[in-house]
file work_8.cif (mmCIF, C-alpha atoms and all ligand atoms)
data_data
loop_
_atom_site.label_atom_id
_atom_site.label_comp_id
_atom_site.auth_asym_id
_atom_site.auth_seq_id
_atom_site.Cartn_x
_atom_site.Cartn_y
_atom_site.Cartn_z
CA MET A 835 0.00 0.00 0.00
CA GLN A 836 1.31 3.34 -0.98
CA TYR A 837 0.90 6.40 1.20
CA LEU A 838 0.20 9.69 -0.42
CA PRO A 839 1.03 13.01 1.23
CA GLN A 840 -1.69 14.02 3.61
CA ASN A 841 -3.69 17.13 3.37
CA ILE A 842 -4.36 18.48 6.80
CA SER A 843 -7.02 21.09 7.13
CA ILE A 844 -7.22 23.05 10.32
CA GLU A 845 -9.24 26.11 11.11
CA LEU A 846 -6.73 28.32 12.89
CA PRO A 847 -8.20 30.88 15.27
CA CYS A 848 -5.73 33.52 14.16
CA LYS A 849 -7.84 36.41 12.89
CA PRO A 850 -6.81 39.00 11.76
CA PHE A 851 -3.50 37.32 10.99
CA VAL A 852 -2.80 34.66 8.40
CA LEU A 853 -0.48 31.71 8.38
CA SER A 854 2.60 32.56 6.37
CA GLY A 855 4.94 29.68 7.08
CA GLN A 856 5.77 26.67 9.14
CA LYS A 857 8.77 24.83 10.48
CA ILE A 858 9.15 21.47 12.16
CA ASP A 859 11.78 21.06 14.82
CA GLY A 860 11.74 17.59 16.29
CA LEU A 861 8.46 17.32 18.14
CA ASP A 862 7.81 21.05 17.96
CA LEU A 863 5.74 22.69 15.28
CA HIS A 864 6.37 26.37 14.62
CA LEU A 865 3.74 28.35 12.77
CA TYR A 866 4.36 31.88 11.46
CA PHE A 867 1.67 34.50 11.16
CA GLU A 868 1.53 37.84 9.45
CA PRO A 869 -1.02 40.60 9.42
CA VAL A 870 -2.96 41.15 6.23
CA GLU A 871 -5.48 43.79 7.05
CA SER A 872 -4.61 47.47 7.02
CA LEU A 873 -3.59 48.89 10.33
CA VAL A 874 -6.30 50.82 12.12
CA CYS A 875 -5.84 53.26 15.01
CA PRO A 876 -7.41 51.76 18.13
CA GLU A 877 -8.12 55.27 19.44
CA CYS A 878 -10.00 56.90 16.59
CA GLY A 879 -10.50 54.13 14.03
CA ASP A 880 -8.59 55.96 11.28
CA LYS A 881 -6.12 54.27 9.01
CA ALA A 882 -2.72 54.27 10.70
CA VAL A 883 0.79 54.35 9.31
CA ILE A 884 3.00 51.31 9.92
CA HIS A 885 6.25 52.51 11.33
CA ALA A 886 7.78 49.19 12.36
CA ARG A 887 7.29 45.51 12.10
CA ALA A 888 8.01 43.69 15.31
CA ALA A 889 11.07 41.53 14.88
CA SER A 890 10.97 37.89 15.97
CA ARG A 891 9.14 38.12 19.26
CA ARG A 892 9.00 35.33 21.77
CA PRO A 893 6.38 33.00 20.32
CA LEU A 894 3.06 32.18 21.93
CA GLN A 895 2.53 28.59 22.90
CA ALA A 896 -0.70 27.20 21.47
CA VAL A 897 -2.69 24.00 21.83
CA ALA A 898 -0.52 21.29 20.31
CA VAL A 899 -1.42 20.13 16.83
CA ALA A 900 -1.08 16.35 16.66
CA PRO A 901 1.26 14.59 16.21
CA TYR A 902 3.57 17.33 17.50
CA ARG A 903 4.18 17.65 21.19
CA ARG A 904 4.19 21.44 21.22
CA THR A 905 3.02 24.13 18.86
CA PHE A 906 4.36 27.67 18.82
CA TRP A 907 2.85 30.64 17.08
CA HIS A 908 5.25 33.33 15.90
CA VAL A 909 3.21 36.44 15.35
CA ALA A 910 4.67 39.42 13.54
CA ASN A 911 2.57 42.29 14.73
CA ARG A 912 3.16 45.88 13.74
CA ARG A 913 3.78 49.14 15.42
CA GLY A 914 1.72 52.00 14.14
CA TRP A 915 1.25 55.72 14.28
CA CYS A 916 -1.98 57.55 13.64
CA PRO A 917 -1.64 60.72 11.52
CA HIS A 918 -5.13 61.74 12.56
CA CYS A 919 -4.80 61.73 16.37
CA GLY A 920 -1.09 61.18 16.85
CA PHE A 921 -1.51 57.96 18.78
CA THR A 922 1.35 55.44 18.68
CA PHE A 923 0.54 51.84 19.41
CA THR A 924 1.47 48.20 18.98
CA GLU A 925 -1.00 46.10 17.07
CA ALA A 926 -3.06 43.93 19.40
CA ILE A 927 -3.02 40.16 19.10
CA PRO A 928 -6.63 39.23 19.89
CA PHE A 929 -5.88 35.56 20.43
CA GLN A 930 -3.20 36.19 23.04
CA PHE A 931 -4.13 35.61 26.70
CA LEU A 932 -3.48 38.90 28.49
CA GLY A 933 0.23 39.66 28.20
CA ARG A 934 1.28 36.03 28.54
CA HIS A 935 3.12 34.02 25.90
CA VAL A 936 0.18 31.76 25.37
CA THR A 937 -2.85 31.72 23.09
CA LEU A 938 -6.37 32.06 24.45
CA ASP A 939 -7.29 28.51 23.55
CA LEU A 940 -4.33 27.08 25.42
CA ALA A 941 -4.99 29.40 28.38
CA LYS A 942 -8.55 28.11 28.53
CA LYS A 943 -7.32 24.53 28.38
CA ILE A 944 -4.91 25.21 31.27
CA CYS A 945 -7.65 26.76 33.37
CA ASP A 946 -10.10 23.96 32.61
CA GLU A 947 -7.53 21.39 33.72
CA MET A 948 -6.78 23.38 36.87
CA ASP A 949 -10.47 23.60 37.73
CA GLU A 950 -10.34 20.31 39.60
CA SER A 951 -9.68 21.25 43.20
CA SER A 952 -7.04 18.53 43.40
CA ALA A 953 -5.33 19.48 40.13
CA THR A 954 -1.67 20.25 40.44
CA ILE A 955 0.48 22.63 38.46
CA ARG A 956 3.03 19.90 37.87
CA ALA A 957 0.56 17.41 36.39
CA THR A 958 -1.08 20.04 34.19
CA ALA A 959 2.28 21.31 32.96
CA LYS A 960 3.34 17.80 32.11
CA ARG A 961 0.11 16.87 30.37
CA LEU A 962 0.10 19.99 28.20
CA SER A 963 3.89 20.17 27.70
CA ILE A 964 4.14 23.67 29.15
CA SER A 965 6.45 25.03 31.81
CA GLU A 966 5.13 24.95 35.39
CA ASP A 967 5.79 28.64 35.66
CA LEU A 968 3.54 29.41 32.70
CA VAL A 969 0.74 27.24 34.10
CA ARG A 970 0.92 29.06 37.43
CA ARG A 971 1.02 32.54 35.89
CA VAL A 972 -1.86 31.88 33.50
CA HIS A 973 -4.00 30.24 36.17
CA SER A 974 -3.20 32.99 38.65
CA ASP A 975 -4.28 35.66 36.12
CA PHE A 976 -7.47 33.72 35.50
CA LEU A 977 -8.23 33.47 39.23
CA ASP A 978 -7.71 37.23 39.54
CA MET A 979 -10.21 37.81 36.74
CA VAL A 980 -12.79 35.51 38.32
CA ILE A 981 -12.41 36.87 41.85
CA ALA A 982 -12.64 40.46 40.61
CA ARG A 983 -16.01 39.61 39.01
CA VAL A 984 -17.56 38.12 42.15
CA PRO A 985 -20.20 40.57 43.37
CA GLU A 986 -20.47 41.50 47.03
CA PRO A 987 -22.54 38.78 48.74
CA GLN A 988 -26.03 39.94 49.65
CA GLY A 989 -27.87 39.53 52.94
CA VAL A 990 -24.92 38.31 54.96
CA LYS A 991 -25.88 38.26 58.65
CA SER A 992 -23.36 35.92 60.20
CA ILE A 993 -19.69 35.54 59.53
CA ALA A 994 -16.86 33.52 61.06
CA VAL A 995 -13.18 34.19 61.43
CA ASP A 996 -10.41 31.75 62.16
CA GLU A 997 -6.75 31.15 61.61
CA PHE A 998 -4.96 28.19 60.14
CA SER A 999 -1.35 27.18 60.01
CA ILE A 1000 0.62 26.95 56.82
CA LEU A 1001 4.11 25.58 56.33
CA LYS A 1002 3.71 23.17 59.24
CA GLY A 1003 2.92 25.82 61.80
CA GLN A 1004 5.72 28.19 60.89
CA LYS A 1005 3.27 30.67 59.44
CA TYR A 1006 -0.37 31.49 59.94
CA ALA A 1007 -3.14 32.70 57.73
CA THR A 1008 -6.49 34.25 58.59
CA MET A 1009 -9.73 33.49 56.83
CA ILE A 1010 -13.02 35.34 57.18
CA ILE A 1011 -16.08 33.70 55.67
CA SER A 1012 -19.76 34.42 55.37
CA LEU A 1013 -21.81 31.53 56.75
CA GLU A 1014 -24.80 32.05 54.46
CA PRO A 1015 -23.98 32.01 51.57
CA ARG A 1016 -20.81 30.16 52.41
CA GLN A 1017 -18.12 32.21 50.78
CA VAL A 1018 -14.61 33.42 51.50
CA LEU A 1019 -14.78 37.13 52.31
CA TYR A 1020 -11.16 37.71 53.11
CA ILE A 1021 -7.97 35.71 53.37
CA CYS A 1022 -4.48 36.83 54.25
CA GLU A 1023 -1.13 35.78 55.55
CA GLY A 1024 -0.59 36.33 59.28
CA ARG A 1025 -2.97 36.61 62.21
CA THR A 1026 -2.33 40.05 63.67
CA GLU A 1027 -4.69 42.99 63.84
CA GLU A 1028 -2.79 44.69 61.01
CA ASN A 1029 -3.22 41.63 58.81
CA VAL A 1030 -6.98 41.65 59.28
CA ASP A 1031 -7.37 45.40 58.99
CA PRO A 1032 -8.02 45.58 55.21
CA PHE A 1033 -11.12 43.39 55.63
CA PHE A 1034 -12.95 46.32 57.20
CA SER A 1035 -12.74 48.47 54.10
CA ILE A 1036 -13.26 46.18 51.08
CA TYR A 1037 -17.05 45.96 51.18
CA SER A 1038 -19.84 48.51 51.12
CA LYS A 1039 -21.18 50.31 54.16
CA GLU A 1040 -24.48 48.40 53.80
CA PHE A 1041 -22.61 45.10 53.84
CA TYR A 1042 -20.96 45.79 57.19
CA GLU A 1043 -24.17 47.21 58.63
CA GLY A 1044 -26.02 44.02 57.75
CA ILE A 1045 -23.68 41.77 59.73
CA GLU A 1046 -25.16 40.72 63.07
CA CYS A 1047 -22.66 38.30 64.50
CA VAL A 1048 -19.19 36.90 64.09
CA ALA A 1049 -18.12 33.49 65.39
CA MET A 1050 -14.57 33.11 66.65
CA ASP A 1051 -12.27 31.53 69.18
CA GLN A 1052 -11.82 33.60 72.32
CA ASN A 1053 -8.07 33.58 72.05
CA HIS A 1054 -7.94 35.55 68.85
CA THR A 1055 -6.66 39.07 68.72
CA TYR A 1056 -9.39 39.84 66.21
CA ALA A 1057 -12.04 40.45 68.87
CA SER A 1058 -10.80 43.91 69.79
CA GLN A 1059 -10.57 44.77 66.11
CA PHE A 1060 -14.21 43.82 65.56
CA LYS A 1061 -15.32 45.71 68.67
CA GLU A 1062 -13.61 48.82 67.41
CA LYS A 1063 -14.53 48.69 63.71
CA LEU A 1064 -17.95 47.03 63.89
CA PRO A 1065 -19.31 47.75 67.38
CA HIS A 1066 -22.85 46.65 66.41
CA VAL A 1067 -21.70 43.09 65.64
CA THR A 1068 -22.12 40.49 68.38
CA ILE A 1069 -19.08 38.35 68.99
CA VAL A 1070 -20.00 34.71 69.52
CA SER A 1071 -17.61 32.34 71.14
CA ASP A 1072 -18.38 29.19 69.26
CA ARG A 1073 -18.93 25.67 70.44
CA PHE A 1074 -16.20 24.15 68.35
CA HIS A 1075 -13.41 26.20 69.90
CA MET A 1076 -14.89 25.93 73.37
CA SER A 1077 -14.85 22.13 73.13
CA SER A 1078 -11.36 21.98 71.76
CA ASN A 1079 -10.09 24.42 74.43
CA TYR A 1080 -11.69 22.29 77.12
CA THR A 1081 -10.34 18.98 75.87
CA LYS A 1082 -6.87 20.44 75.49
CA ASP A 1083 -6.64 22.56 78.67
CA VAL A 1084 -8.66 20.40 81.03
CA VAL A 1085 -9.35 16.80 80.00
CA ASP A 1086 -5.94 16.14 78.54
CA LYS A 1087 -3.98 17.83 81.30
CA VAL A 1088 -5.87 16.00 84.03
CA ARG A 1089 -5.46 12.71 82.16
CA LEU A 1090 -1.69 13.13 81.91
CA ARG A 1091 -1.45 14.21 85.54
CA VAL A 1092 -3.39 11.13 86.65
CA ALA A 1093 -1.27 8.91 84.40
CA ARG A 1094 1.89 10.33 86.01
CA SER A 1095 0.57 9.72 89.49
CA TYR A 1096 0.01 6.04 88.63
CA LYS A 1097 3.54 5.81 87.35
CA GLU A 1098 4.97 7.39 90.49
CA ARG A 1099 3.12 4.79 92.52
CA GLY A 1100 4.68 2.10 90.36
CA ASP A 1101 1.33 1.13 88.86
CA ASN A 1102 2.34 0.62 85.27
CA GLU A 1103 -0.98 -0.81 84.21
CA GLY A 1104 -2.88 2.23 85.50
CA TYR A 1105 -0.33 4.50 83.85
CA LYS A 1106 -0.76 2.84 80.46
CA LEU A 1107 -4.52 2.87 80.76
CA PHE A 1108 -4.69 6.65 81.16
CA LYS A 1109 -1.78 7.38 78.87
CA GLN A 1110 -3.56 5.63 76.00
CA SER A 1111 -7.10 6.83 76.68
CA LYS A 1112 -6.92 10.26 75.05
CA TYR A 1113 -9.84 9.86 72.66
CA ARG A 1114 -11.80 7.55 74.90
CA LEU A 1115 -12.38 10.44 77.29
CA PHE A 1116 -13.68 12.72 74.53
CA THR A 1117 -16.41 10.34 73.39
CA PRO A 1118 -19.89 11.12 74.69
CA ARG A 1119 -20.99 8.75 77.44
CA LEU A 1120 -24.18 6.74 77.12
CA ALA A 1121 -26.55 6.77 80.10
CA ASP A 1122 -26.55 3.00 79.96
CA PRO A 1123 -23.66 1.13 78.28
CA SER A 1124 -26.05 -1.63 77.21
CA GLN A 1125 -27.53 0.88 74.71
CA ALA A 1126 -24.36 0.52 72.68
CA GLU A 1127 -25.06 -0.44 69.09
CA SER A 1128 -21.98 -2.52 68.50
CA GLU A 1129 -19.62 -4.72 70.45
CA GLN A 1130 -16.89 -2.16 69.85
CA GLU A 1131 -18.98 0.69 71.21
CA LEU A 1132 -19.97 -1.41 74.22
CA GLN A 1133 -16.32 -2.14 75.03
CA GLY A 1134 -15.54 1.56 74.65
CA GLN A 1135 -18.32 2.56 77.01
CA LEU A 1136 -17.29 -0.04 79.58
CA GLN A 1137 -13.73 1.17 79.47
CA LEU A 1138 -14.87 4.77 79.85
CA GLN A 1139 -16.90 3.72 82.89
CA LYS A 1140 -13.86 1.99 84.32
CA LEU A 1141 -11.67 5.07 83.84
CA LEU A 1142 -14.25 7.32 85.47
CA GLY A 1143 -14.51 4.92 88.40
CA MET A 1144 -10.77 4.85 88.88
CA ASN A 1145 -10.21 8.54 89.42
CA GLU A 1146 -12.43 11.24 90.84
CA ASP A 1147 -10.81 14.13 88.95
CA ILE A 1148 -11.27 12.35 85.65
CA ASN A 1149 -14.86 11.66 86.59
CA SER A 1150 -15.48 15.36 87.36
CA VAL A 1151 -13.93 16.79 84.20
CA VAL A 1152 -15.76 14.35 81.93
CA LEU A 1153 -19.02 15.12 83.70
CA MET A 1154 -18.40 18.85 83.41
CA PHE A 1155 -17.62 18.39 79.72
CA GLU A 1156 -21.02 16.81 79.20
CA GLN A 1157 -22.64 19.78 80.90
CA LEU A 1158 -20.61 22.23 78.88
CA ARG A 1159 -21.78 20.58 75.68
CA ALA A 1160 -25.37 20.71 76.90
CA LEU A 1161 -25.03 24.47 77.47
CA TYR A 1162 -24.58 24.96 73.78
CA GLU A 1163 -28.00 23.44 73.10
CA ILE A 1164 -29.76 26.26 74.96
CA THR A 1165 -31.53 28.80 72.79
CA ASP A 1166 -32.69 31.27 75.44
CA GLU A 1167 -30.10 33.86 76.43
CA ASP A 1168 -31.31 34.27 80.03
CA VAL A 1169 -31.37 30.53 80.62
CA MET A 1170 -27.95 30.19 79.08
CA ARG A 1171 -26.53 32.97 81.26
CA GLU A 1172 -27.94 31.34 84.38
CA GLN A 1173 -26.69 27.86 83.43
CA TRP A 1174 -23.27 29.13 82.38
CA GLU A 1175 -22.94 31.01 85.68
CA SER A 1176 -23.72 27.89 87.68
CA TRP A 1177 -21.35 25.87 85.51
CA LEU A 1178 -18.59 28.39 86.28
CA GLN A 1179 -19.32 28.22 89.98
CA MET A 1180 -19.22 24.45 90.01
CA ALA A 1181 -15.94 24.50 88.10
CA GLU A 1182 -14.36 27.15 90.31
CA GLN A 1183 -15.39 25.31 93.46
CA SER A 1184 -14.16 21.96 92.23
CA SER A 1185 -10.99 20.42 93.57
CA VAL A 1186 -9.52 20.04 90.10
CA PRO A 1187 -6.92 22.79 89.57
CA GLU A 1188 -7.06 22.56 85.75
CA LEU A 1189 -10.82 23.05 85.83
CA VAL A 1190 -10.58 25.99 88.24
CA LYS A 1191 -8.04 27.69 86.01
CA PHE A 1192 -10.15 27.10 82.90
CA ALA A 1193 -13.26 28.58 84.53
CA GLN A 1194 -11.38 31.64 85.76
CA LYS A 1195 -10.01 32.22 82.27
CA LYS A 1196 -13.38 31.81 80.55
CA ARG A 1197 -15.42 33.90 82.98
CA ARG A 1198 -14.50 37.13 81.25
CA TYR A 1199 -15.87 35.82 77.95
CA THR A 1200 -19.32 35.27 79.44
CA ASP A 1201 -21.08 37.67 77.04
CA GLN A 1202 -19.54 36.03 74.00
CA ILE A 1203 -20.43 32.57 75.25
CA VAL A 1204 -24.01 33.46 76.18
CA ALA A 1205 -24.45 35.08 72.74
CA HIS A 1206 -24.47 31.56 71.31
CA ALA A 1207 -28.04 31.11 72.57
CA LYS A 1208 -29.19 33.92 70.29
CA TYR A 1209 -26.80 33.20 67.42
CA PRO A 1210 -26.12 29.45 67.28
CA VAL A 1211 -23.33 29.85 64.75
CA THR A 1212 -20.44 27.50 64.51
CA SER A 1213 -17.05 27.57 62.95
CA ALA A 1214 -17.22 23.84 62.29
CA VAL A 1215 -17.98 25.07 58.78
CA ILE A 1216 -14.49 26.52 58.62
CA GLU A 1217 -13.10 23.18 59.73
CA GLY A 1218 -14.76 21.58 56.73
CA MET A 1219 -13.32 24.26 54.50
CA PHE A 1220 -9.89 23.67 56.00
CA ASN A 1221 -10.02 20.11 54.79
CA VAL A 1222 -10.40 21.41 51.27
CA VAL A 1223 -7.61 23.85 52.02
CA LYS A 1224 -5.36 20.95 52.92
CA VAL A 1225 -5.81 19.56 49.41
CA GLN A 1226 -5.08 23.01 48.02
CA LYS A 1227 -1.99 23.23 50.18
CA ARG A 1228 -0.63 20.11 48.57
CA ALA A 1229 -1.52 21.33 45.11
CA ALA A 1230 0.15 24.70 45.66
CA PHE A 1231 3.14 23.08 47.28
CA GLY A 1232 6.45 24.58 46.37
CA TYR A 1233 5.35 28.19 46.30
CA ARG A 1234 6.50 30.34 49.14
CA ASN A 1235 4.32 33.10 47.84
CA PHE A 1236 0.93 32.36 49.30
CA GLU A 1237 -1.03 34.69 47.08
CA TYR A 1238 -1.70 32.00 44.50
CA PHE A 1239 -2.63 29.51 47.23
CA PHE A 1240 -5.10 31.98 48.75
CA LYS A 1241 -6.64 32.74 45.37
CA ARG A 1242 -7.28 29.05 44.83
CA ILE A 1243 -9.01 28.77 48.20
CA GLN A 1244 -11.18 31.77 47.40
CA TYR A 1245 -12.02 30.32 43.99
CA VAL A 1246 -13.01 26.91 45.36
CA PHE A 1247 -15.70 28.49 47.54
CA ILE A 1248 -17.35 30.71 44.96
CA PRO A 1249 -20.94 29.41 44.61
CA GLY A 1250 -21.17 27.02 41.65
CA LEU A 1251 -23.71 28.80 39.46
CA LEU A 1252 -22.06 32.17 39.94
CA LYS A 1253 -18.69 30.68 39.09
CA GLU A 1254 -20.02 29.11 35.88
CA ARG A 1255 -21.53 32.43 34.82
CA ILE A 1256 -18.29 34.31 35.45
CA LYS A 1257 -16.25 31.71 33.58
CA ARG A 1258 -18.58 31.87 30.58
CA ASP A 1259 -18.27 35.63 30.66
CA ILE A 1260 -14.47 35.53 30.76
CA TRP A 1261 -14.09 33.10 27.87
CA LYS A 1262 -17.02 34.48 25.89
CA ASN A 1263 -15.02 37.13 24.09
CA CYS A 1264 -12.52 34.65 22.83
CA SER A 1265 -14.94 32.03 21.58
CA GLN A 1266 -14.42 33.20 18.00
CA TYR A 1267 -10.72 32.46 18.36
CA LEU A 1268 -11.09 29.10 20.02
CA LEU A 1269 -10.13 26.01 18.13
CA ASP A 1270 -12.83 23.63 17.07
CA PRO A 1271 -11.94 19.98 17.37
CA LEU A 1272 -9.16 19.35 14.87
CA TYR A 1273 -10.29 17.97 11.58
CA HIS A 1274 -7.77 15.87 9.72
CA ALA A 1275 -8.79 15.08 6.19
CA LYS A 1276 -6.86 12.06 5.11
CA CYS A 1277 -6.28 11.26 1.52
CA GLY A 1278 -5.26 8.00 -0.09
ZN ZN B 1301 -6.11 57.87 15.76
#

call {"tool": "encode", "arguments": {"input": "work_8.cif", "output": "structure tokens", "more": "lines below"}}
Ligand SMILES: [Zn+2]
result
Amino acid sequence: MQYLPQNISIELPCKPFVLSGQKIDGLDLHLYFEPVESLVCPECGDKAVIHARAASRRPLQAVAVAPYRRTFWHVANRRGWCPHCGFTFTEAIPFQFLGRHVTLDLAKKICDEMDESSATIRATAKRLSISEDLVRRVHSDFLDMVIARVPEPQGVKSIAVDEFSILKGQKYATMIISLEPRQVLYICEGRTEENVDPFFSIYSKEFYEGIECVAMDQNHTYASQFKEKLPHVTIVSDRFHMSSNYTKDVVDKVRLRVARSYKERGDNEGYKLFKQSKYRLFTPRLADPSQAESEQELQGQLQLQKLLGMNEDINSVVLMFEQLRALYEITDEDVMREQWESWLQMAEQSSVPELVKFAQKKRRYTDQIVAHAKYPVTSAVIEGMFNVVKVQKRAAFGYRNFEYFFKRIQYVFIPGLLKERIKRDIWKNCSQYLLDPLYHAKCG
């Protein structure tokens, strides 16, 4: 069988330029384009004078034409001068993505690939045979365009603020979100008042006036900032942080103290029992262990009962934890204040030093804690978002500059329909330049 030369017909999205030549270099295909239409002044629309032809510029990388691995477009655009208005300009290349050395169709392909929240720069660069740096720059530009088009969220009443660690705890970042709709309002490196300051001036006056409450951990420095900038907003000390403070500062410390005391007495079995029971003590206790739904749960409950029976301090702090959790179910502010006050008194009068200290520390946050009855907001939502962030962290790995990482987090939480609309809007103007599926007409 004899093969005849193939005729390949491709619709190139290169208006208003035309293909003037081509060169093959190994697996790279180089295409050369020249302008054909007369040069028009972009200011006044008059015919302009060509005063230079751009010499060989750095080519734009385009979607690869099979069977070549990479395709480069060399575009000879012109520099012009308008005799009518005196404007000097460089001819625009409508199929170029912003100022990057990449065509619109390839830019769109990069961004589509990066749309998966677990997509990595490395994998995308490899798949499309582009440098990692170009993938990051193009995607970063795209994220900027999308984020800039997100309108101010409407009707936001409750927000939450929290910090998270990046670079294994060496650095911190702050995130402020709206709880309904769930959206990232602000994200920055650091966790100081100065870092959070810009948040108070990026939205409209009406937006800030509409906010009723903000959920946060009591330890944050942000509280004073909110009191100063948004005095009408109620600060709510949320359940999630309260529980984690209690387990860390009370339950765990008492457990380790008790474990040590067993060791000092030479009771190795007792020591091991408490040393290894960290999570056992955090699990809610059933009124009757026989209610357990599985053998495993039953064993867990029996062991919990045993631990509580072995040490009075452990028994007290676990009991007080149950009551603390119950407090957060109250929806009447007066009842909550009364119950919280009696909880504090019980804690302060207990013989457990860790519990006394905890109560003394928390007493001054009474208003924030009681506010939960009126505004049952939780930052557990942020925890869920952090899990997504962790995936993003891996994907953005290798970049010390966190701006790109933050943009990706913001992008992930833009409501789906809104995001689709913005994306359509961004790529809409280039649809006329986008490649249709390649059509190879084979002869012979
Ligand atoms: Zn002009």

call {"tool": "atom_distance", "arguments": {"input": "work_8.cif", "atom1": "CA of Lys1191 (chain A)", "atom2": "CA of Thr1212 (chain A)"}}
result
24.8 Å

call {"tool": "axis_aligned_box", "arguments": {"input": "work_8.cif", "around": "region 1086-1094 of chain A", "padding_each_side": "6 Å", "output": "JSON"}}
result
{"center_x": -2.0, "center_y": 13.4, "center_z": 82.6, "size_x": 19.8, "size_y": 20.9, "size_z": 20.1}

call {"tool": "residues_near_ligand", "arguments": {"input": "work_8.cif", "ligand": "ligand ZN 1301 (chain B)", "cutoff": "7 Å", "atoms": "only C-alpha atoms and all ligand atoms", "output": "PDB file with C-alpha atoms, keeping the file's coordinate frame"}}
result
ATOM      1  CA  CYS A 875      -5.840  53.260  15.010  1.00  0.00           C
ATOM      2  CA  PRO A 876      -7.410  51.760  18.130  1.00  0.00           C
ATOM      3  CA  GLU A 877      -8.120  55.270  19.440  1.00  0.00           C
ATOM      4  CA  CYS A 878     -10.000  56.900  16.590  1.00  0.00           C
ATOM      5  CA  GLY A 879     -10.500  54.130  14.030  1.00  0.00           C
ATOM      6  CA  ASP A 880      -8.590  55.960  11.280  1.00  0.00           C
ATOM      7  CA  CYS A 916      -1.980  57.550  13.640  1.00  0.00           C
ATOM      8  CA  PRO A 917      -1.640  60.720  11.520  1.00  0.00           C
ATOM      9  CA  HIS A 918      -5.130  61.740  12.560  1.00  0.00           C
ATOM     10  CA  CYS A 919      -4.800  61.730  16.370  1.00  0.00           C
ATOM     11  CA  GLY A 920      -1.090  61.180  16.850  1.00  0.00           C
ATOM     12  CA  PHE A 921      -1.510  57.960  18.780  1.00  0.00           C
TER      13      PHE A 921
END

call {"tool": "atom_distance", "arguments": {"input": "work_8.cif", "atom1": "CA of Pro1249 (chain A)", "atom2": "CA of Asp949 (chain A)"}}
result
13.8 Å

call {"tool": "closest_residue", "arguments": {"input": "work_8.cif", "among": "A:Glu1129, A:Glu1043, A:Arg1089, A:Arg1198", "to": "Met1144 (chain A)", "atoms": "all atoms listed in the file"}}
result
A:Arg1089

call {"tool": "closest_residue", "arguments": {"input": "work_8.cif", "among": "A:Lys943, A:Arg904, A:His1075, A:Arg912", "to": "Ser963 (chain A)", "atoms": "all atoms listed in the file"}}
result
A:Arg904

call {"tool": "atom_distance", "arguments": {"input": "work_8.cif", "atom1": "CA of Gln1139 (chain A)", "atom2": "CA of Tyr1113 (chain A)"}}
result
13.9 Å

call {"tool": "closest_residue", "arguments": {"input": "work_8.cif", "among": "A:Asp946, A:Glu1163, A:Asp1168, A:Glu1014", "to": "Arg1073 (chain A)", "atoms": "all atoms listed in the file"}}
result
A:Glu1163

call {"tool": "closest_residue", "arguments": {"input": "work_8.cif", "among": "A:Val1152, A:Val1092, A:Val969, A:Ala959", "to": "Pro1118 (chain A)", "atoms": "only C-alpha atoms"}}
result
A:Val1152

call {"tool": "closest_residue", "arguments": {"input": "work_8.cif", "among": "A:Lys857, A:Arg1242, A:His1206, A:Arg892", "to": "Phe976 (chain A)", "atoms": "all atoms listed in the file"}}
result
A:Arg1242

call {"tool": "decode", "arguments": {"input": "work_8.cif", "residues": "region 1204-1213 of chain A", "atoms": "N, CA and C atoms", "output": "JSON list (two decimals), in the first residue's frame"}}
result
[["chain", "number", "residue", "atom", "x", "y", "z"],
["A", 1204, "VAL", "N", -22.55, 33.40, 76.07],
["A", 1204, "VAL", "CA", -24.01, 33.46, 76.18],
["A", 1204, "VAL", "C", -24.65, 33.85, 74.84],
["A", 1205, "ALA", "N", -23.93, 34.64, 74.05],
["A", 1205, "ALA", "CA", -24.45, 35.08, 72.74],
["A", 1205, "ALA", "C", -24.78, 33.90, 71.83],
["A", 1206, "HIS", "N", -24.19, 32.74, 72.13],
["A", 1206, "HIS", "CA", -24.47, 31.56, 71.31],
["A", 1206, "HIS", "C", -25.95, 31.17, 71.35],
["A", 1207, "ALA", "N", -26.61, 31.45, 72.47],
["A", 1207, "ALA", "CA", -28.04, 31.11, 72.57],
["A", 1207, "ALA", "C", -28.85, 31.86, 71.51],
["A", 1208, "LYS", "N", -28.48, 33.12, 71.28],
["A", 1208, "LYS", "CA", -29.19, 33.92, 70.29],
["A", 1208, "LYS", "C", -28.70, 33.62, 68.87],
["A", 1209, "TYR", "N", -27.40, 33.47, 68.73],
["A", 1209, "TYR", "CA", -26.80, 33.20, 67.42],
["A", 1209, "TYR", "C", -26.06, 31.86, 67.46],
["A", 1210, "PRO", "N", -26.78, 30.77, 67.21],
["A", 1210, "PRO", "CA", -26.12, 29.45, 67.28],
["A", 1210, "PRO", "C", -25.23, 29.19, 66.06],
["A", 1211, "VAL", "N", -24.25, 30.03, 65.88],
["A", 1211, "VAL", "CA", -23.33, 29.85, 64.75],
["A", 1211, "VAL", "C", -22.15, 29.00, 65.18],
["A", 1212, "THR", "N", -21.57, 28.35, 64.20],
["A", 1212, "THR", "CA", -20.44, 27.50, 64.51],
["A", 1212, "THR", "C", -19.35, 27.65, 63.47],
["A", 1213, "SER", "N", -18.15, 27.50, 63.91],
["A", 1213, "SER", "CA", -17.05, 27.57, 62.95],
["A", 1213, "SER", "C", -16.62, 26.18, 62.51]]
